[in-house]
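A.B. asks: Take a look at this one; I'll ask things after.
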Amino acid sequence: MRLTVIGTGYVGAVHAACMADIGHEVLGVDIDAERIAALTSGTPPFYEPGLAEMLMKAVDTGRLRFTTSLIEAAWFGDTHFICVGTPQRPASGAADLRHVEAAVDGLAPYLHDSGYERVLVVGKSTVPVGTADRLTERLHAAAPHADLAWNPEFLREGCAVQDTLRPERIVVGARSEQAEARLRELYAPLLDAGTPFIGTDPATAELVKLASNSFLATKISFINAMAEICDATGADVLTLAEAMGRDSRIGPRFLAPGLGFGGSCLPKDIRAFTARAEEFGLGDSVALLRQVDEINTRQRLRTVDLAERLVGGSFADRSVAVLGAAFKPHSDDVRDSPALAVADEIRRRGARVRVHDPEAVDNARAAHPALQFALDVAKACEQADVVLHLTEWPQYRELDPAALATVVRTPAIVDARNTLDQAAWRSAGWTLRAPGRPRLG
Ligand code: NAD
């Protein structure tokens with residue numbers, strides 16, 4: 001099939017490469033000419049495991065091309081995926097739909113009769129409930145022969161390629177049987193491999209994405225609230241989470257107590273969902289999500305305070321090493337990164353802060369030029385009064401605490417992700433603090 005992918009960011013670039021990989025002819029479109037030039041030469045504009053190889057292969061076979069022209073896209077494809085960003089509006093927290101509207105408005109006048117009876121535009125961006133119906137009216141004003149469906153994206157950065165090729169479900173909200181059938185045909189290789197397909201109306205499809213992210217955020221904030229209770233009572237949140245997670249009705253995933261969530265999705269999605277519910281006069285139905293957001297943001301300050309106590313009550317003239325800048329491991333994405341929020345607050349309170357990350361230093365430096373960065377862990381930790389472990393990259397678990405103890409000024413560490421071997425660090429002479437864990441030394 002001939003399809004286009006409009007917006008080649010974390011979602012679009014991966015979707016385009018994977019759709020070419022399963023045999024479609026794909027044209028990726030972006031307004032960012034630099035990004036398009038990089039992709040055309042087979043270079044991903046960000047770090048995502050497995051993407052570089054897949055992209056290079058798809059570009060080499062000629063099944064994947066890129067352009068900045070929506071007119072070319074309209075002529076090329078029968079099916080057009082919209083993968084542009086839906087950022088948070090600063091004041092209200094509501095979703096800013098400018099890019100989605102621009103993509104539809106830019107495409108619609110040039111859509112021609114396709115090899116299929118009707119052209120299909122498919123939204124993958126995360127949008128407030130009701131957006132697809134509104135966009136359909138906009139689309140029909142210029143292209144009455146086009147249909148619009150919603151097919152929310154559930155990929156996780158860090159395993160986006162695998163999530164796209166082996167998703168846990170494909171959800172399609174469509175108002176016509178033909179639109180749904182087209183997407184079943186397009187995704188046939190994934191459906192044949194056993195992926196469940198859930199066909200529904202556009203409003204339900206839009207809501208599935210927001211409700212899922214809200215539930216995941218709630219689970220994380222729930223266990224972080226329990227960590228606060230553990231801190232006050234001397235109980236151990238890791239044992240609590242393990243014992244809770246063994247109940248099959250609860251499950252262990254997303255019950256990892258620590259610094260909380262960040263990134264370009266969960267925080268903005270729960271705020272956009274809350275704002276949309278309030279527009280319907282349903283603020284009470286999502287009041288829980290405000291608390292989820294508050295608990296989450298509070299973990300950043302709790303981590304800063306914990307480190308400040310470890311250096312004697314003030315960061316003035318202290319050196320602080322931060323391990324991790326990406327919002328999560330296996331990604332170079334620093335959008336709303338909890339690690340960088342903590343690093344920035346510590347710098348604001350007077351410390352010299354040196355940040356290490358295996359992949360995200362360039363993005364972090366661009367977003368936070370006032371912080372210092374180091375390309376290896378030992379350099380970041382040189383003469384540090386305290387080390388903070390803020391993004392759970394696997395290589396940080398492999399660090400040798402005895403060797404690192406010889407580099408720092410004071411062997412003190414905050415394991416804000418609760419993933420280090422705490423006994424090993426303590427027996428190498430480190431004072432270790434972690435949210436929700438008893439103080440053992
Ligand atoms: P992104 O910011 O990485 O990429 C968006 C791309 O769209 C950019 O390259 C931008 O230049 C391009 N763009 C903007 N306006 C355009 C236009 N009019 N025409 C063509 N291109 C345009 O965003 P992302 O992280 O890929 O997210 C995209 C959407 O998918 C968002 O709604 C997000 O909430 C959702 N989503 C993201 C993830 C994730 O993990 N990143 C997962 C699921 C869903």
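Ordering of the structure tokens sets the chain letters (A, B, ...), residue numbers begin anew at 1 in every chain, and ligands are numbered from 1 in the order given.
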Using DSSP on the backbone coordinates, identify the residues of range 8-170 of chain A assigned to alpha helix (DSSP H); present them as JSON, numbers by chain.

C.D. replies: {"A": [10, 11, 12, 13, 14, 15, 16, 17, 18, 19, 20, 21, 33, 34, 35, 36, 37, 38, 39, 40, 51, 52, 53, 54, 55, 56, 57, 58, 59, 60, 61, 70, 71, 72, 73, 74, 75, 76, 98, 99, 100, 101, 102, 103, 104, 105, 106, 107, 131, 132, 133, 134, 135, 136, 137, 138, 139, 140, 141, 142, 160, 161, 162, 163, 164, 165]}

A.B. asks: If the limit is 6 Å from any atom of ligand 1, counting only C-alpha atoms and all ligand atoms, which residues qualify? Return them as JSON, numbers by chain.

C.D. replies: {"A": [6, 7, 8, 9, 10, 11, 12, 29, 30, 31, 32, 83, 84, 85, 86, 99, 102, 103, 125, 126, 153, 154, 155, 156, 157, 265]}

A.B. asks: Would you output that residue set with N, CA and C atoms, as a PDB file, in the first residue's frame?

C.D. replies:
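Saved result, part34.pdb, follows:
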ATOM      1  N   ILE A   6       2.926  11.915   8.300  1.00  0.00           N
ATOM      2  CA  ILE A   6       3.145  13.365   8.416  1.00  0.00           C
ATOM      3  C   ILE A   6       3.580  13.683   9.846  1.00  0.00           C
ATOM      4  N   GLY A   7       4.789  14.228   9.977  1.00  0.00           N
ATOM      5  CA  GLY A   7       5.420  14.403  11.289  1.00  0.00           C
ATOM      6  C   GLY A   7       6.356  13.232  11.487  1.00  0.00           C
ATOM      7  N   THR A   8       7.680  13.501  11.469  1.00  0.00           N
ATOM      8  CA  THR A   8       8.644  12.393  11.585  1.00  0.00           C
ATOM      9  C   THR A   8       9.453  12.525  12.865  1.00  0.00           C
ATOM     10  N   GLY A   9       8.757  12.734  13.982  1.00  0.00           N
ATOM     11  CA  GLY A   9       9.403  12.753  15.300  1.00  0.00           C
ATOM     12  C   GLY A   9       9.502  11.338  15.834  1.00  0.00           C
ATOM     13  N   TYR A  10       9.474  11.206  17.166  1.00  0.00           N
ATOM     14  CA  TYR A  10       9.644   9.894  17.806  1.00  0.00           C
ATOM     15  C   TYR A  10       8.594   8.903  17.300  1.00  0.00           C
ATOM     16  N   VAL A  11       7.372   9.359  17.135  1.00  0.00           N
ATOM     17  CA  VAL A  11       6.318   8.446  16.671  1.00  0.00           C
ATOM     18  C   VAL A  11       6.402   8.246  15.162  1.00  0.00           C
ATOM     19  N   GLY A  12       6.441   9.360  14.409  1.00  0.00           N
ATOM     20  CA  GLY A  12       6.343   9.272  12.953  1.00  0.00           C
ATOM     21  C   GLY A  12       7.531   8.575  12.312  1.00  0.00           C
ATOM     22  N   VAL A  29       6.876  12.889   5.887  1.00  0.00           N
ATOM     23  CA  VAL A  29       6.785  14.330   5.628  1.00  0.00           C
ATOM     24  C   VAL A  29       7.042  15.095   6.921  1.00  0.00           C
ATOM     25  N   ASP A  30       7.812  16.165   6.816  1.00  0.00           N
ATOM     26  CA  ASP A  30       8.003  17.025   7.989  1.00  0.00           C
ATOM     27  C   ASP A  30       8.260  18.444   7.520  1.00  0.00           C
ATOM     28  N   ILE A  31       7.932  19.425   8.392  1.00  0.00           N
ATOM     29  CA  ILE A  31       8.236  20.815   8.053  1.00  0.00           C
ATOM     30  C   ILE A  31       9.692  21.142   8.390  1.00  0.00           C
ATOM     31  N   ASP A  32      10.356  20.257   9.106  1.00  0.00           N
ATOM     32  CA  ASP A  32      11.730  20.477   9.528  1.00  0.00           C
ATOM     33  C   ASP A  32      12.675  19.905   8.453  1.00  0.00           C
ATOM     34  N   CYS A  83       1.142  12.281  12.558  1.00  0.00           N
ATOM     35  CA  CYS A  83       1.945  11.955  13.755  1.00  0.00           C
ATOM     36  C   CYS A  83       2.620  13.210  14.302  1.00  0.00           C
ATOM     37  N   VAL A  84       2.014  14.366  14.128  1.00  0.00           N
ATOM     38  CA  VAL A  84       2.649  15.610  14.589  1.00  0.00           C
ATOM     39  C   VAL A  84       2.431  15.782  16.093  1.00  0.00           C
ATOM     40  N   GLY A  85       3.166  16.702  16.686  1.00  0.00           N
ATOM     41  CA  GLY A  85       3.099  16.890  18.136  1.00  0.00           C
ATOM     42  C   GLY A  85       1.801  17.564  18.573  1.00  0.00           C
ATOM     43  N   THR A  86       1.400  17.270  19.813  1.00  0.00           N
ATOM     44  CA  THR A  86       0.231  17.933  20.429  1.00  0.00           C
ATOM     45  C   THR A  86       0.670  18.426  21.806  1.00  0.00           C
ATOM     46  N   HIS A  99      -0.641  21.987  15.357  1.00  0.00           N
ATOM     47  CA  HIS A  99       0.110  21.217  14.350  1.00  0.00           C
ATOM     48  C   HIS A  99      -0.792  20.202  13.641  1.00  0.00           C
ATOM     49  N   ALA A 102      -2.859  22.145  11.218  1.00  0.00           N
ATOM     50  CA  ALA A 102      -2.044  22.598  10.075  1.00  0.00           C
ATOM     51  C   ALA A 102      -1.811  21.440   9.107  1.00  0.00           C
ATOM     52  N   ALA A 103      -1.586  20.238   9.655  1.00  0.00           N
ATOM     53  CA  ALA A 103      -1.332  19.078   8.786  1.00  0.00           C
ATOM     54  C   ALA A 103      -2.587  18.767   7.956  1.00  0.00           C
ATOM     55  N   SER A 125      -1.619  10.980  16.560  1.00  0.00           N
ATOM     56  CA  SER A 125      -1.249  11.866  17.668  1.00  0.00           C
ATOM     57  C   SER A 125      -2.238  11.680  18.812  1.00  0.00           C
ATOM     58  N   THR A 126      -1.792  12.024  20.016  1.00  0.00           N
ATOM     59  CA  THR A 126      -2.679  11.943  21.181  1.00  0.00           C
ATOM     60  C   THR A 126      -3.490  13.236  21.266  1.00  0.00           C
ATOM     61  N   GLU A 153      -1.474   5.927  19.169  1.00  0.00           N
ATOM     62  CA  GLU A 153      -0.169   5.256  19.228  1.00  0.00           C
ATOM     63  C   GLU A 153       0.163   4.931  20.679  1.00  0.00           C
ATOM     64  N   PHE A 154       0.640   3.704  20.925  1.00  0.00           N
ATOM     65  CA  PHE A 154       0.974   3.306  22.299  1.00  0.00           C
ATOM     66  C   PHE A 154       2.460   3.015  22.478  1.00  0.00           C
ATOM     67  N   LEU A 155       3.289   3.308  21.456  1.00  0.00           N
ATOM     68  CA  LEU A 155       4.699   2.906  21.579  1.00  0.00           C
ATOM     69  C   LEU A 155       5.360   3.594  22.765  1.00  0.00           C
ATOM     70  N   ARG A 156       6.387   2.916  23.291  1.00  0.00           N
ATOM     71  CA  ARG A 156       7.194   3.500  24.366  1.00  0.00           C
ATOM     72  C   ARG A 156       8.556   3.848  23.796  1.00  0.00           C
ATOM     73  N   GLU A 157       9.016   5.077  24.056  1.00  0.00           N
ATOM     74  CA  GLU A 157      10.370   5.417  23.632  1.00  0.00           C
ATOM     75  C   GLU A 157      11.324   4.449  24.333  1.00  0.00           C
ATOM     76  N   CYS A 265       4.877  12.693  27.202  1.00  0.00           N
ATOM     77  CA  CYS A 265       3.515  12.142  27.120  1.00  0.00           C
ATOM     78  C   CYS A 265       2.750  12.191  28.440  1.00  0.00           C
TER      79      CYS A 265
END

A.B. asks: Ala33 in chain A: which residues within 10 Å, counting only C-alpha atoms, same-chain residues fewer than 5 positions away excluded, as number ranges by chain?

C.D. replies: A: 38-39, 66-68

A.B. asks: Any chance you could list, as a list in words, the residues in range 297-396 of chain A that come up strand (DSSP E or B) when DSSP is run on the backbone?

C.D. replies: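 So the strand (DSSP E or B) residues in range 297-396 of chain A would be Ser319, Val320, Ala321, Val322, Leu323, Arg352, Val353, Arg354, Val355, His356, Gln372, Phe373, Ala374, Val386, Val387, Leu388 and His389 of chain A.
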
A.B. asks: Can you pull out the residues contacting Leu27 in chain A? Cut-off 6 Å, using only C-alpha atoms, and skip same-chain residues under 2 positions away; I want them as a list of chain:residue names.

C.D. replies: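 Residues meeting the cut-off are A:Thr4, A:Leu64, A:Arg65, A:Phe66.
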
A.B. asks: Rounded to one decimal in Å, what is the spacing between CA of Ser337 in chain A and CA of Asp236 in chain A?

C.D. replies: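 The value is 26.1 Å.
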
A.B. asks: Residues near Pro167 in chain A, anyone? I mean within 9 Å using only C-alpha atoms, not counting same-chain ones fewer than 2 positions away, as a list in words.

C.D. replies: Phe154, Leu155, Gln162, Asp163, Thr164, Leu165, Arg169, Ile170, Leu190, Thr195 and Pro196 of chain A

A.B. asks: Excluding same-chain residues fewer than 6 positions from Thr218 in chain A, what lies within 9 Å of it counting only C-alpha atoms, as an mmCIF file with C-alpha atoms, in the first residue's frame?

C.D. replies:
data_model
loop_
_atom_site.group_PDB
_atom_site.id
_atom_site.type_symbol
_atom_site.label_atom_id
_atom_site.label_comp_id
_atom_site.auth_asym_id
_atom_site.auth_seq_id
_atom_site.Cartn_x
_atom_site.Cartn_y
_atom_site.Cartn_z
ATOM 1 C CA LEU A 288 -7.797 12.178 40.964
ATOM 2 C CA LEU A 289 -5.517 13.100 38.063
ATOM 3 C CA GLN A 291 -3.408 14.654 42.663
ATOM 4 C CA VAL A 292 -1.515 12.181 40.498
ATOM 5 C CA ASP A 293 0.239 15.151 38.877
#

A.B. asks: Point out the residue among A:Val161, A:Val127, A:Ser212, A:Met54 with the least atom-to-atom distance to Arg98 in chain A, counting only C-alpha atoms.

C.D. replies: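 Among the listed residues, the smallest separation from Arg98 in chain A belongs to A:Val127.
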
A.B. asks: With only C-alpha atoms as the counted atoms, please give the residues lying no more than 6 Å from range 136-142 of chain A, apart from itself and same-chain residues fewer than 4 positions off, as a PDB file with C-alpha atoms, in the first residue's frame.

C.D. replies:
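Dumped to part.pdb:
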ATOM      1  CA  ALA A 108      -6.829  18.471   2.338  1.00  0.00           C
ATOM      2  CA  PRO A 109      -6.882  20.771  -0.746  1.00  0.00           C
ATOM      3  CA  LEU A 148     -10.800  10.324   8.847  1.00  0.00           C
TER       4      LEU A 148
END

A.B. asks: Could you work out how far CA of Val121 in chain A lies from CA of His80 in chain A, giving the answer in Å with one decimal?

C.D. replies: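 Spanning CA of His80 in chain A to CA of Val121 in chain A is a straight-line distance of 4.7 Å.
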
A.B. asks: Which of these residues is nearest to Ala351 in chain A, using only C-alpha atoms: A:Leu3, A:Val26, A:Val100, A:Ala316?

C.D. replies: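 Ranking A:Leu3, A:Val26, A:Val100, A:Ala316 by distance to Ala351 in chain A, first place goes to A:Ala316.
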
A.B. asks: Using only C-alpha atoms, which residue out of A:Gly263, A:Pro369, A:Gly123, A:Pro401 lies closest to Ser427 in chain A?

C.D. replies: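 For Ser427 in chain A, the nearest of the given residues is A:Pro401.
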
A.B. asks: Work out how far CA of Lys209 in chain A is from CA of Gly324 in chain A, in Å to one decimal.

C.D. replies: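 Interatomic distance here is 28.0 Å.
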